[in-house]
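Engineer: Handing over model24.tsv, TSV, C-alpha atoms.
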chain	number	residue	atom	x	y	z
A	1	MET	CA	5.51	-8.79	2.97
A	2	LEU	CA	4.53	-11.77	5.14
A	3	GLN	CA	5.80	-9.88	8.19
A	4	GLY	CA	3.38	-7.04	7.38
A	5	ILE	CA	0.45	-9.44	7.04
A	6	VAL	CA	1.23	-11.08	10.38
A	7	SER	CA	1.75	-7.75	12.15
A	8	GLY	CA	-1.20	-6.02	10.49
A	9	ALA	CA	-4.05	-8.06	9.10
A	10	LEU	CA	-3.58	-11.14	11.30
A	11	ALA	CA	-3.25	-9.08	14.49
A	12	VAL	CA	-6.44	-7.14	13.65
A	13	ALA	CA	-8.35	-10.33	12.73
A	14	ILE	CA	-7.35	-11.90	16.07
A	15	GLY	CA	-8.60	-8.83	17.94
A	16	ILE	CA	-11.95	-8.74	16.14
A	17	ASN	CA	-12.44	-12.48	16.58
A	18	MET	CA	-11.65	-12.31	20.31
A	19	GLU	CA	-14.08	-9.42	20.81
A	20	TYR	CA	-16.92	-11.46	19.27
A	21	TYR	CA	-15.81	-14.69	20.98
A	22	THR	CA	-15.63	-13.24	24.49
A	23	ALA	CA	-18.83	-11.17	24.15
A	24	THR	CA	-20.66	-14.30	22.98
A	25	ILE	CA	-19.46	-16.69	25.68
A	26	ASP	CA	-19.97	-14.24	28.59
A	27	ASN	CA	-21.59	-10.94	27.66
A	28	LYS	CA	-21.94	-9.76	31.27
A	29	ALA	CA	-18.19	-10.00	31.88
A	30	PHE	CA	-16.78	-9.20	28.42
A	31	GLY	CA	-19.63	-7.49	26.59
A	32	SER	CA	-21.56	-4.32	27.29
A	33	GLY	CA	-25.05	-5.68	27.98
A	34	ASN	CA	-28.28	-4.37	26.50
A	35	LYS	CA	-27.74	-1.39	24.19
A	36	THR	CA	-31.04	0.29	25.02
A	37	THR	CA	-29.76	1.48	28.42
A	38	LEU	CA	-26.15	2.29	27.48
A	39	ASN	CA	-24.66	5.77	27.64
A	40	PRO	CA	-21.36	6.77	25.99
A	41	PHE	CA	-18.64	7.61	28.49
A	42	GLY	CA	-15.51	9.58	27.73
A	43	GLY	CA	-15.08	8.24	24.20
A	44	ILE	CA	-13.61	4.98	25.57
A	45	GLY	CA	-16.64	2.89	26.43
A	46	VAL	CA	-20.19	2.92	27.75
A	47	ILE	CA	-21.91	2.69	31.12
A	48	GLN	CA	-25.19	0.95	31.92
A	49	GLY	CA	-27.85	3.52	32.80
A	50	TRP	CA	-26.78	6.78	34.43
A	51	ARG	CA	-24.01	5.16	36.49
A	52	GLY	CA	-22.27	1.84	36.57
A	53	ASP	CA	-19.17	-0.03	35.51
A	54	LEU	CA	-17.36	0.94	32.34
A	55	LYS	CA	-18.20	-1.54	29.56
A	56	MET	CA	-16.10	-1.84	26.41
A	57	GLY	CA	-17.31	-5.01	24.67
A	58	LEU	CA	-20.07	-5.74	22.18
A	59	THR	CA	-23.74	-5.46	23.08
A	60	GLU	CA	-26.04	-8.44	23.52
A	61	GLN	CA	-27.86	-7.46	20.34
A	62	SER	CA	-24.58	-7.76	18.38
A	63	VAL	CA	-23.98	-11.37	19.32
A	64	GLN	CA	-27.38	-12.85	20.23
A	65	VAL	CA	-30.78	-13.33	18.61
A	66	GLN	CA	-33.96	-12.32	20.46
A	67	ASP	CA	-34.29	-15.61	22.36
A	68	GLY	CA	-30.80	-15.12	23.87
A	69	SER	CA	-29.06	-17.81	21.83
A	70	PRO	CA	-25.86	-16.83	20.00
A	71	LYS	CA	-26.12	-15.65	16.39
A	72	ASP	CA	-22.99	-17.63	15.58
A	73	VAL	CA	-21.08	-20.44	17.25
A	74	PRO	CA	-18.23	-18.80	19.17
A	75	LEU	CA	-15.01	-20.15	17.66
A	76	ARG	CA	-11.41	-19.07	17.88
A	77	LEU	CA	-9.89	-17.73	14.69
A	78	LEU	CA	-8.34	-20.17	12.21
A	79	ALA	CA	-5.70	-18.43	10.09
A	80	ILE	CA	-4.28	-20.25	7.06
A	81	ILE	CA	-1.06	-18.96	5.51
A	82	LYS	CA	0.35	-20.31	2.23
A	83	ALA	CA	4.12	-20.00	2.51
A	84	PRO	CA	7.14	-22.09	3.50
A	85	LEU	CA	6.90	-22.88	7.22
A	86	LYS	CA	10.30	-21.32	7.97
A	87	MET	CA	9.12	-18.03	6.44
A	88	ILE	CA	5.95	-18.14	8.55
A	89	ASP	CA	8.05	-18.73	11.69
A	90	GLN	CA	10.29	-15.76	10.82
A	91	ALA	CA	7.28	-13.52	10.26
A	92	LEU	CA	5.72	-14.61	13.54
A	93	LEU	CA	8.92	-13.96	15.49
A	94	GLY	CA	8.74	-10.34	14.33
A	95	ASN	CA	5.57	-9.78	16.37
A	96	ALA	CA	5.79	-10.76	20.04
A	97	SER	CA	2.07	-10.11	20.66
A	98	VAL	CA	0.94	-12.53	17.96
A	99	VAL	CA	3.47	-15.15	19.17
A	100	LYS	CA	2.11	-14.85	22.72
A	101	LEU	CA	-1.49	-15.29	21.51
A	102	LEU	CA	-0.51	-18.31	19.36
A	103	ASN	CA	1.56	-19.98	22.06
A	104	ASN	CA	-1.30	-19.59	24.56
A	105	GLY	CA	-3.93	-21.03	22.20
A	106	TRP	CA	-5.97	-17.87	21.52
A	107	PHE	CA	-6.09	-18.57	17.79
A	108	ASN	CA	-5.29	-21.47	15.47
A	109	LEU	CA	-2.69	-21.29	12.72
A	110	VAL	CA	-2.33	-23.61	9.74
A	111	GLY	CA	0.44	-23.28	7.20
A	112	PHE	CA	0.24	-24.62	3.66
A	113	GLU	CA	3.71	-25.69	2.58
A	114	PRO	CA	3.80	-25.32	-1.23
A	115	ALA	CA	6.89	-27.53	-1.66
A	116	SER	CA	5.26	-30.56	-0.03
A	117	ASP	CA	1.68	-29.63	-1.01
A	118	ALA	CA	0.62	-30.29	2.60
A	119	PHE	CA	-1.06	-28.49	5.50
A	120	TYR	CA	0.62	-28.16	8.90
A	121	GLN	CA	-0.85	-26.96	12.18
A	122	CYS	CA	1.29	-24.71	14.36
A	123	ASP	CA	1.02	-25.38	18.10
A	124	GLN	CA	3.81	-22.96	18.99
A	125	VAL	CA	6.26	-21.03	16.87
A	126	GLY	CA	8.60	-23.58	15.25
A	127	SER	CA	6.39	-26.55	16.17
A	128	TRP	CA	4.42	-27.77	13.15
A	129	GLN	CA	2.34	-30.96	12.94
A	130	LYS	CA	1.36	-32.32	9.53
A	131	LEU	CA	-2.41	-32.58	9.04
A	132	THR	CA	-3.55	-35.78	7.36
A	133	ASN	CA	-6.84	-37.01	5.99
A	134	SER	CA	-8.45	-39.52	8.28
A	135	PRO	CA	-11.02	-42.11	7.14
A	136	ASP	CA	-13.40	-41.00	9.93
Turn this file's structure into structure tokens for me.

Structural biologist:
Amino acid sequence: MLQGIVSGALAVAIGINMEYYTATIDNKAFGSGNKTTLNPFGGIGVIQGWRGDLKMGLTEQSVQVQDGSPKDVPLRLLAIIKAPLKMIDQALLGNASVVKLLNNGWFNLVGFEPASDAFYQCDQVGSWQKLTNSPD
């Protein structure tokens, strides 16, 4: 069951988060610009005006308010999974795409280990660091 969550829901959540993240930080490169001048093209994207580069990201209006500032702070996804860490590692190893995204820092993963009642952050598959409360 955990394998299905990692391969399905987590993979989709990472994709949605990255679409919003990239369109927010650089809409010209990763977004599709202003939606008032966009035209659908071939069912795969849009072009600006009557000709131009193919754009496949979110429009400015999806990620910005009228003054041009972002609607939300662009953050990378934080996924929290409650399961033994070894089970999480096994589930991750079943999906090479998710492992690659995790190992390259494209999303953050925290595991809640029920046996120790503690949270652990995963830097790479198999590498877990216990999170502790700090007095700061």

Engineer: If you count all atoms listed in the file, which residues fall within 12 Å of range 50-63 of chain A, apart from same-chain ones fewer than 2 positions away, as a ChimeraX atom specification?

Structural biologist: /A:15-48,65-74

Engineer: Which residues are close to Ser127 in chain A, i.e. within 12 Å by only C-alpha atoms, leaving aside same-chain residues fewer than 3 positions away? Reply as a ChimeraX atom specification.

Structural biologist: /A:85-86,88-89,102-103,109-111,120-124,130

Engineer: Using all atoms listed in the file for the distances, tell me which of A:Ala83, A:Ala11, A:Val98, A:Leu75 is nearest to Ala115 in chain A.

Structural biologist: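 Of A:Ala83, A:Ala11, A:Val98, A:Leu75, the one nearest Ala115 in chain A is A:Ala83, counting all atoms listed in the file.
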
Engineer: What's the separation between CA of Ser116 in chain A and CA of Thr132 in chain A, in Å to one decimal place?

Structural biologist: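 That distance, rounded to one decimal, is 12.6 Å.
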
Engineer: Please indicate the distance in Å from CA of Gly8 in chain A to CA of Trp128 in chain A, rounded to one decimal place.

Structural biologist: 22.6 Å

Engineer: For the atom pair CA of Leu77 in chain A and CA of Phe107 in chain A, what is the interatomic distance in Å to one decimal place?

Structural biologist: 5.0 Å

Engineer: Have a look at A:Val6, A:Leu101, A:Leu92, A:Leu131 and name the one nearest to Asp117 in chain A; count all atoms listed in the file.

Structural biologist: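 Result for the nearest residue to Asp117 in chain A: A:Leu131.
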
Engineer: For Asn108 in chain A, which residue out of A:Met87, A:Leu93, A:Ala13, A:Ala79 is the nearest one, using only C-alpha atoms?

Structural biologist: A:Ala79

Engineer: When distances are computed from only C-alpha atoms, which of A:Gly49, A:Ala118, A:Val12, A:Trp106 shows the smallest separation from Pro84 in chain A?

Structural biologist: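 Under the stated criterion, the closest residue is A:Ala118.
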
Engineer: Extending 3 Å beyond the listed atoms of range 77-93 of chain A on each side, what axis-aligned box results? I want centre and edge lengths in Å to one decimal, as JSON.

Structural biologist:
{"center_x": 0.2, "center_y": -18.2, "center_z": 8.9, "size_x": 26.2, "size_y": 15.4, "size_z": 19.3}
